[in-house]
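Remarks on the structure that follows.
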Amino acid sequence: MTSRLHINRAHLLQQLKQMLRIRRFEEKCAELYALEKIRGFLHLYIGEEAIAVGIMSALSRDDQVVATYREHGHALARGVSMGSILAEMYGRTAGCSRGRGGSMHLFDRATHFYGGNAIVGGGLPLATGLAMANKQMQRTALTACFFGEGAVAEGEFHESLNLAALWQLPVLFICENNRYAMGTALALSESETNIAQKARSYGIAAAQVDGMNVVNVEAAALEACDYIHKELKPYFLECQTYRFRGHSSFDSQLYREKEEIALWEEKGPVTQLVQWMRNNSHLLDNELDELEKDVEQEIQAAVQFAEAGAWEPIEDLARDVYSPQRK
């Protein structure tokens with residue numbers, strides 16, 4: 001474990017709160033989607049919270065983040081305000097993308113959050129390009145790129161890893177391996193299911209980590225960042241995880257048994273950390289209730305902010321769609 005990771009009660013409480021913010025926000029989003037307050041597609045991050053929280057804890061404020069279409073948790077952990085995220089999902093102008101991106105396209109310049117992408121694997125070449133710009137401009141920032149194991153089957157995955165290794169770019173690739181992609185078990189779509197090994201075949205240093213354990217993820221991320229800054233080369237981190245909900249809001253989940261989901265829920269990131277903290281006297285009886293209360297208040301404020309937001313005027317709908325015409 002890296003010497004940069006200092007585990008103490010205050011830090012663990014903060015990590016727990018961050019994961020609770022993501023979990024309760026996602027549950028609220030599912031509720032709002034059923035009420036048709038949120039429209040379009042909805043990809044929930046429930047079960048994978050430890051990855052976003054652990055990785056973001058290791059990044060600096062200047063580092064850049066490129067997410068996948070399942071990016072609400074990444075945005076919250078990075079520091080994008082909950083109100084602006086929900087307003088975006090409502091399609092309101094107060095949203096972080098001015099209501100034009102929706103659930104899959106959250107952007108925030110202030111936190112260097114370069115957003116999600118509806119294209120499977122679409123963020124990989126973007127992150128590689130950002131890392132190349134950092135190297136060319138001699139910036140110390142690195143680029144963290146999140147994607148699911150389904151992206152491994154896309155050409156962008158192989159092209160991006162190849163160029164990152166060839167040009168020795170400061171990029172951290174994070175594969176959130178939740179085992180099923182859109183609904184096909186990894187073993188049925190990939191002859192080599194060890195995704196970290198695929199990265200090594202391009203000459204990229206790689207590691208696997210328990211993505212359900214926030215402490216392990218943060219430790220692995222710190223080691224990865226230290227490697228990138230020292231060696232000036234890319235690094236690949238495969239996080240073994242499991243999403244508790246379907247691929248999207250339209251997923252009937254016929255490809256996996258309910259018993260399997262229940263077994264994974266027992267070792268989910270929130271449950272796992274709460275149990276460990278209680279067993280080691282790091283969580284007082286009333287503290288979890290206080291955290292839950294704080295998170296609920298933040299969510300209610302975000303809902304009020306989103307619902308009070310304005311719609312974009314009809315006459316402005318074509319703005320930023322076409323390039324300005326030259327006279």
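Quick note on naming: the chains in the structure tokens go A, B, ... in the order shown, residues restart at 1 in each chain, and ligands are numbered from 1 in order of appearance.
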- [ ] Looking only at strand (DSSP E) from DSSP on the backbone, list the matching residues of range 129-239 of chain A as a PyMOL selection string.
- [x] chain A and resi 143-148+171-177+205-210+235-239
Deliver the residues from the most recent selection as a file, using C-alpha atoms, as a CSV table (one decimal), in the first residue's frame.
```csv
chain,number,residue,atom,x,y,z
A,143,THR,CA,-5.8,12.7,-17.6
A,144,ALA,CA,-8.0,10.1,-15.9
A,145,CYS,CA,-10.3,8.2,-18.3
A,146,PHE,CA,-13.2,6.0,-17.0
A,147,PHE,CA,-14.8,3.3,-19.2
A,148,GLY,CA,-16.6,0.0,-18.8
A,171,VAL,CA,-3.0,9.2,-18.9
A,172,LEU,CA,-4.6,6.9,-16.3
A,173,PHE,CA,-7.0,4.4,-17.9
A,174,ILE,CA,-9.6,3.1,-15.5
A,175,CYS,CA,-11.7,0.1,-16.6
A,176,GLU,CA,-14.8,-0.3,-14.4
A,177,ASN,CA,-15.3,-4.0,-15.1
A,205,ALA,CA,1.9,-1.0,-16.6
A,206,ALA,CA,-1.3,-2.4,-15.3
A,207,ALA,CA,-3.0,-3.6,-12.1
A,208,GLN,CA,-6.2,-5.1,-10.9
A,209,VAL,CA,-8.0,-4.0,-7.8
A,210,ASP,CA,-11.2,-4.8,-5.8
A,235,TYR,CA,-1.0,3.4,-16.4
A,236,PHE,CA,-4.0,1.0,-16.6
A,237,LEU,CA,-6.2,0.2,-13.6
A,238,GLU,CA,-8.8,-2.6,-13.8
A,239,CYS,CA,-11.4,-2.2,-11.1
```
Task: Leu12 in chain A surroundings by only C-alpha atoms, 9 Å radius, close-in-sequence under 6 positions cut, as a ChimeraX atom specification - done: /A:215,273,277,282
Save the residues we just selected, C-alpha atoms, as a compact mmCIF listing (two decimals), in the first residue's frame?
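New file result00.txt:
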```txt
# COMPACT_ATOMS: atom_id res chain seq x y z
CA VAL A 215 -9.61 2.06 0.47
CA LEU A 273 -17.17 0.22 4.57
CA MET A 277 -15.87 0.96 10.43
CA HIS A 282 -14.67 4.05 13.71
```
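Note that the spacing between CA of Ala196 in chain A and CA of Glu265 in chain A amounts to 24.6 Å.
You will find CA of Ile261 in chain A at 23.5 Å from CA of Lys17 in chain A.
Nearest residue to Leu106 in chain A, choosing from A:Ala133, A:Leu124, A:Asp294, A:Ala75 and counting only C-alpha atoms: A:Ala75.
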Task: Among the residues A:Asn8, A:Trp311, A:Ala151, A:His112, the one that comes closest to Asp62 in chain A [using only C-alpha atoms] - done: A:His112
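Each of A:Leu161, A:Ser249, A:Pro234, A:Glu26 was compared to Gly40 in chain A using only C-alpha atoms, and A:Ser249 turns out to be the nearest.
Every protein, DNA or RNA residue with an atom at most 6 Å from Tyr114 in chain A, where only C-alpha atoms count and chain neighbours fewer than 3 positions away do not, is listed here: A:Val65, A:Val66, A:Phe107.
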Prev. selection, C-alpha atoms, output as a compact mmCIF listing (two decimals), in the first residue's frame:
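Result file is out_32.txt:
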```
# COMPACT_ATOMS: atom_id res chain seq x y z
CA VAL A 65 -11.35 13.67 -15.97
CA VAL A 66 -13.04 11.98 -18.91
CA PHE A 107 -19.39 18.86 -18.35
```
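For Lys233 in chain A, the residues within 9 Å (counting only C-alpha atoms, excluding itself and residues fewer than 3 positions away along the chain) are Ala164, Ala165, Trp167, Gln168, Leu169, Pro170, Val171, Ile204, Ala205, Tyr227, Ile228, His229 and Lys230 of chain A.
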How would the residues just picked look written out with N, CA, C and O atoms as a short mmCIF file (atom, residue, chain, number, x, y, z; two decimals), in the first residue's frame?
```
data_model
loop_
_atom_site.label_atom_id
_atom_site.label_comp_id
_atom_site.auth_asym_id
_atom_site.auth_seq_id
_atom_site.Cartn_x
_atom_site.Cartn_y
_atom_site.Cartn_z
N ALA A 164 -1.06 5.90 -26.56
CA ALA A 164 -0.61 6.35 -25.23
C ALA A 164 0.72 5.71 -24.87
O ALA A 164 1.60 6.37 -24.30
N ALA A 165 0.87 4.42 -25.22
CA ALA A 165 2.13 3.74 -24.94
C ALA A 165 3.23 4.19 -25.89
O ALA A 165 4.37 4.41 -25.48
N TRP A 167 3.55 7.04 -27.51
CA TRP A 167 3.98 8.42 -27.28
C TRP A 167 4.26 8.72 -25.80
O TRP A 167 4.56 9.85 -25.45
N GLN A 168 4.11 7.70 -24.94
CA GLN A 168 4.37 7.84 -23.50
C GLN A 168 3.61 9.02 -22.91
O GLN A 168 4.19 10.00 -22.43
N LEU A 169 2.30 8.90 -22.92
CA LEU A 169 1.42 9.99 -22.49
C LEU A 169 0.98 9.82 -21.04
O LEU A 169 0.75 8.69 -20.58
N PRO A 170 0.82 10.93 -20.32
CA PRO A 170 0.41 10.89 -18.91
C PRO A 170 -1.10 10.69 -18.76
O PRO A 170 -1.85 11.62 -18.45
N VAL A 171 -1.55 9.46 -18.99
CA VAL A 171 -2.98 9.17 -18.89
C VAL A 171 -3.19 7.94 -18.01
O VAL A 171 -2.45 6.97 -18.07
N ILE A 204 1.92 -1.27 -21.38
CA ILE A 204 1.45 -0.34 -20.35
C ILE A 204 1.42 -1.05 -19.00
O ILE A 204 0.88 -2.17 -18.89
N ALA A 205 1.99 -0.44 -17.98
CA ALA A 205 1.92 -0.99 -16.63
C ALA A 205 0.46 -1.06 -16.21
O ALA A 205 -0.31 -0.12 -16.43
N TYR A 227 3.25 6.67 -10.31
CA TYR A 227 3.97 6.05 -11.42
C TYR A 227 3.95 6.96 -12.65
O TYR A 227 4.98 7.16 -13.30
N ILE A 228 2.77 7.50 -12.97
CA ILE A 228 2.64 8.36 -14.15
C ILE A 228 3.54 9.59 -14.03
O ILE A 228 4.24 9.98 -14.98
N HIS A 229 3.54 10.22 -12.86
CA HIS A 229 4.36 11.43 -12.67
C HIS A 229 5.86 11.11 -12.67
O HIS A 229 6.66 11.93 -13.15
N LYS A 230 6.23 9.95 -12.16
CA LYS A 230 7.64 9.60 -12.08
C LYS A 230 8.18 9.08 -13.41
O LYS A 230 9.24 9.49 -13.88
#
```
Open item on the list: My list of candidates is A:Ala318, A:Met182, A:Met89, A:Ala10. Which is closest to Tyr33 in chain A when distances are computed with only C-alpha atoms?
Closed with: A:Met89
Task: Backbone DSSP call of alpha helix (DSSP H) for range 134-299 of chain A, listed as an NGL selection string - done: :A and (134-136 or 155-166 or 195-200 or 214-231 or 258-266 or 269-279 or 287-299)
Interface rows for range 72-176 of chain A against range 41-44 of chain A: nearest pair, Å to one decimal, 8 Å, only C-alpha atoms, as a tab-separated table:
```
residue	atom	partner	partner_atom	distance
A:His72	CA	A:Leu44	CA	7.7
A:Ser103	CA	A:Leu42	CA	6.3
A:Met104	CA	A:Leu42	CA	7.8
```
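Remark: for Val120 in chain A, the closest of the candidate residues A:Val321, A:Leu16, A:Met56, A:Ala181 is A:Ala181 (distances computed over only C-alpha atoms).
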Task: Selection: 10 Å around Leu288 in chain A, only C-alpha atoms, excl. self and same-chain fewer than 3 positions, as a PyMOL selection string - done: chain A and resi 13+16-17+20+274+283-285+291-294
Deliver the residues from the most recent selection as a file, using N, CA, C and O atoms, as a PDB file, in the first residue's frame.
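selection_20.pdb, freshly written:
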```pdb
ATOM      1  N   LEU A  13     -14.802   8.639   7.119  1.00  0.00           N
ATOM      2  CA  LEU A  13     -16.134   9.236   7.182  1.00  0.00           C
ATOM      3  C   LEU A  13     -16.426  10.064   5.930  1.00  0.00           C
ATOM      4  O   LEU A  13     -17.542  10.053   5.405  1.00  0.00           O
ATOM      5  N   LEU A  16     -17.100   7.662   3.108  1.00  0.00           N
ATOM      6  CA  LEU A  16     -18.438   7.096   3.275  1.00  0.00           C
ATOM      7  C   LEU A  16     -19.505   8.088   2.841  1.00  0.00           C
ATOM      8  O   LEU A  16     -20.462   7.727   2.132  1.00  0.00           O
ATOM      9  N   LYS A  17     -19.345   9.342   3.233  1.00  0.00           N
ATOM     10  CA  LYS A  17     -20.332  10.353   2.848  1.00  0.00           C
ATOM     11  C   LYS A  17     -20.375  10.536   1.339  1.00  0.00           C
ATOM     12  O   LYS A  17     -21.449  10.676   0.741  1.00  0.00           O
ATOM     13  N   LEU A  20     -22.266   7.698  -0.106  1.00  0.00           N
ATOM     14  CA  LEU A  20     -23.689   7.853   0.197  1.00  0.00           C
ATOM     15  C   LEU A  20     -24.330   8.925  -0.686  1.00  0.00           C
ATOM     16  O   LEU A  20     -25.486   8.776  -1.118  1.00  0.00           O
ATOM     17  N   VAL A 274     -19.190   0.490   5.904  1.00  0.00           N
ATOM     18  CA  VAL A 274     -19.938   0.672   7.152  1.00  0.00           C
ATOM     19  C   VAL A 274     -19.631  -0.469   8.118  1.00  0.00           C
ATOM     20  O   VAL A 274     -19.366  -0.237   9.314  1.00  0.00           O
ATOM     21  N   LEU A 283     -17.112   4.160  13.672  1.00  0.00           N
ATOM     22  CA  LEU A 283     -18.389   4.751  13.307  1.00  0.00           C
ATOM     23  C   LEU A 283     -19.322   4.696  14.506  1.00  0.00           C
ATOM     24  O   LEU A 283     -19.716   3.621  14.959  1.00  0.00           O
ATOM     25  N   LEU A 284     -19.648   5.866  15.035  1.00  0.00           N
ATOM     26  CA  LEU A 284     -20.555   5.946  16.169  1.00  0.00           C
ATOM     27  C   LEU A 284     -21.992   5.701  15.715  1.00  0.00           C
ATOM     28  O   LEU A 284     -22.325   5.867  14.535  1.00  0.00           O
ATOM     29  N   ASP A 285     -22.840   5.318  16.651  1.00  0.00           N
ATOM     30  CA  ASP A 285     -24.207   4.911  16.317  1.00  0.00           C
ATOM     31  C   ASP A 285     -24.981   6.000  15.582  1.00  0.00           C
ATOM     32  O   ASP A 285     -25.760   5.714  14.679  1.00  0.00           O
ATOM     33  N   LEU A 291     -24.984  11.506   8.626  1.00  0.00           N
ATOM     34  CA  LEU A 291     -24.528  11.556   7.237  1.00  0.00           C
ATOM     35  C   LEU A 291     -25.711  11.432   6.283  1.00  0.00           C
ATOM     36  O   LEU A 291     -25.812  12.172   5.298  1.00  0.00           O
ATOM     37  N   GLU A 292     -26.588  10.492   6.577  1.00  0.00           N
ATOM     38  CA  GLU A 292     -27.768  10.293   5.736  1.00  0.00           C
ATOM     39  C   GLU A 292     -28.643  11.546   5.715  1.00  0.00           C
ATOM     40  O   GLU A 292     -29.171  11.930   4.662  1.00  0.00           O
ATOM     41  N   LYS A 293     -28.761  12.197   6.851  1.00  0.00           N
ATOM     42  CA  LYS A 293     -29.571  13.412   6.934  1.00  0.00           C
ATOM     43  C   LYS A 293     -28.964  14.536   6.104  1.00  0.00           C
ATOM     44  O   LYS A 293     -29.672  15.239   5.368  1.00  0.00           O
ATOM     45  N   ASP A 294     -27.662  14.690   6.187  1.00  0.00           N
ATOM     46  CA  ASP A 294     -26.974  15.719   5.398  1.00  0.00           C
ATOM     47  C   ASP A 294     -27.147  15.471   3.905  1.00  0.00           C
ATOM     48  O   ASP A 294     -27.399  16.394   3.123  1.00  0.00           O
TER      49      ASP A 294
END
```
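From CA of Ala67 in chain A back to CA of Glu36 in chain A, the distance works out to 25.1 Å.
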TODO: Can you pull out every residue within 12 Å of Arg23 in chain A, counting only C-alpha atoms, but drop anything in the same chain fewer than 5 positions away, and send it as a PyMOL selection string?
DONE: chain A and resi 16-18+28-30+44-50+52-53+72-74+76-77+243-245+268-271+292+295-296+299
Keeping N, CA, C and O atoms, export the residues of the selection given above as a tab-separated table (two decimals), in the first residue's frame.
```tsv
chain	number	residue	atom	x	y	z
A	16	LEU	N	-17.10	7.66	3.11
A	16	LEU	CA	-18.44	7.10	3.28
A	16	LEU	C	-19.51	8.09	2.84
A	16	LEU	O	-20.46	7.73	2.13
A	17	LYS	N	-19.34	9.34	3.23
A	17	LYS	CA	-20.33	10.35	2.85
A	17	LYS	C	-20.37	10.54	1.34
A	17	LYS	O	-21.45	10.68	0.74
A	18	GLN	N	-19.21	10.53	0.71
A	18	GLN	CA	-19.17	10.69	-0.74
A	18	GLN	C	-19.89	9.53	-1.44
A	18	GLN	O	-20.62	9.75	-2.42
A	28	LYS	N	-32.62	8.59	-6.05
A	28	LYS	CA	-33.56	9.68	-6.32
A	28	LYS	C	-33.77	9.85	-7.82
A	28	LYS	O	-34.89	10.10	-8.28
A	29	CYS	N	-32.69	9.70	-8.60
A	29	CYS	CA	-32.81	9.81	-10.06
A	29	CYS	C	-33.73	8.74	-10.62
A	29	CYS	O	-34.53	8.99	-11.53
A	30	ALA	N	-33.63	7.52	-10.08
A	30	ALA	CA	-34.51	6.43	-10.52
A	30	ALA	C	-35.96	6.78	-10.23
A	30	ALA	O	-36.87	6.53	-11.04
A	44	LEU	N	-27.48	4.14	-14.25
A	44	LEU	CA	-27.19	4.33	-12.84
A	44	LEU	C	-25.86	3.69	-12.43
A	44	LEU	O	-25.45	2.68	-13.00
A	45	TYR	N	-25.23	4.29	-11.43
A	45	TYR	CA	-23.88	3.91	-10.98
A	45	TYR	C	-23.92	3.10	-9.68
A	45	TYR	O	-22.89	2.83	-9.09
A	46	ILE	N	-25.11	2.72	-9.25
A	46	ILE	CA	-25.27	2.06	-7.96
A	46	ILE	C	-24.48	0.75	-7.91
A	46	ILE	O	-24.64	-0.12	-8.76
A	47	GLY	N	-23.62	0.62	-6.90
A	47	GLY	CA	-22.76	-0.54	-6.75
A	47	GLY	C	-21.31	-0.27	-7.09
A	47	GLY	O	-20.43	-1.02	-6.69
A	48	GLU	N	-21.07	0.83	-7.82
A	48	GLU	CA	-19.72	1.13	-8.29
A	48	GLU	C	-19.12	2.38	-7.62
A	48	GLU	O	-18.08	2.88	-8.04
A	49	GLU	N	-19.76	2.86	-6.56
A	49	GLU	CA	-19.39	4.14	-5.96
A	49	GLU	C	-17.95	4.21	-5.48
A	49	GLU	O	-17.32	5.27	-5.50
A	50	ALA	N	-17.41	3.08	-5.03
A	50	ALA	CA	-16.05	3.08	-4.47
A	50	ALA	C	-15.01	3.48	-5.51
A	50	ALA	O	-13.97	4.05	-5.17
A	52	ALA	N	-15.33	5.67	-8.24
A	52	ALA	CA	-15.30	7.13	-8.45
A	52	ALA	C	-14.70	7.84	-7.25
A	52	ALA	O	-13.85	8.73	-7.39
A	53	VAL	N	-15.13	7.46	-6.05
A	53	VAL	CA	-14.65	8.14	-4.84
A	53	VAL	C	-13.17	7.86	-4.61
A	53	VAL	O	-12.39	8.77	-4.30
A	72	HIS	N	-22.76	10.05	-13.47
A	72	HIS	CA	-23.24	10.89	-12.37
A	72	HIS	C	-22.32	10.78	-11.15
A	72	HIS	O	-22.00	11.78	-10.51
A	73	GLY	N	-21.91	9.54	-10.83
A	73	GLY	CA	-21.04	9.33	-9.68
A	73	GLY	C	-19.68	9.98	-9.85
A	73	GLY	O	-19.13	10.55	-8.90
A	74	HIS	N	-19.14	9.93	-11.07
A	74	HIS	CA	-17.85	10.56	-11.33
A	74	HIS	C	-17.95	12.07	-11.13
A	74	HIS	O	-17.06	12.70	-10.54
A	76	LEU	N	-20.15	13.82	-9.33
A	76	LEU	CA	-20.34	14.17	-7.92
A	76	LEU	C	-19.03	14.04	-7.15
A	76	LEU	O	-18.68	14.92	-6.35
A	77	ALA	N	-18.31	12.94	-7.36
A	77	ALA	CA	-17.06	12.73	-6.64
A	77	ALA	C	-16.00	13.75	-7.04
A	77	ALA	O	-15.13	14.10	-6.23
A	243	ARG	N	-22.45	-3.64	-11.05
A	243	ARG	CA	-23.56	-2.70	-10.96
A	243	ARG	C	-24.80	-3.43	-10.49
A	243	ARG	O	-25.13	-4.50	-11.00
A	244	PHE	N	-25.50	-2.84	-9.53
A	244	PHE	CA	-26.67	-3.50	-8.94
A	244	PHE	C	-27.93	-3.32	-9.78
A	244	PHE	O	-28.85	-4.13	-9.71
A	245	ARG	N	-27.99	-2.24	-10.54
A	245	ARG	CA	-29.13	-1.99	-11.41
A	245	ARG	C	-28.79	-2.43	-12.83
A	245	ARG	O	-27.68	-2.86	-13.12
A	268	GLY	N	-21.30	-4.92	-1.19
A	268	GLY	CA	-21.28	-3.63	-1.87
A	268	GLY	C	-20.38	-2.63	-1.16
A	268	GLY	O	-20.09	-2.78	0.03
A	269	PRO	N	-19.93	-1.59	-1.85
A	269	PRO	CA	-18.95	-0.66	-1.27
A	269	PRO	C	-19.45	0.09	-0.04
A	269	PRO	O	-18.67	0.28	0.90
A	270	VAL	N	-20.71	0.49	-0.02
A	270	VAL	CA	-21.23	1.21	1.15
A	270	VAL	C	-21.36	0.25	2.33
A	270	VAL	O	-20.90	0.54	3.44
A	271	THR	N	-21.99	-0.89	2.10
A	271	THR	CA	-22.16	-1.89	3.15
A	271	THR	C	-20.82	-2.34	3.71
A	271	THR	O	-20.64	-2.46	4.93
A	292	GLU	N	-26.59	10.49	6.58
A	292	GLU	CA	-27.77	10.29	5.74
A	292	GLU	C	-28.64	11.55	5.72
A	292	GLU	O	-29.17	11.93	4.66
A	295	VAL	N	-27.02	14.21	3.50
A	295	VAL	CA	-27.15	13.86	2.09
A	295	VAL	C	-28.58	14.10	1.61
A	295	VAL	O	-28.80	14.64	0.52
A	296	GLU	N	-29.54	13.74	2.43
A	296	GLU	CA	-30.95	13.95	2.05
A	296	GLU	C	-31.25	15.43	1.87
A	296	GLU	O	-31.97	15.82	0.93
A	299	ILE	N	-29.83	16.54	-1.45
A	299	ILE	CA	-30.64	16.05	-2.56
A	299	ILE	C	-31.91	16.87	-2.71
A	299	ILE	O	-32.29	17.25	-3.83
```
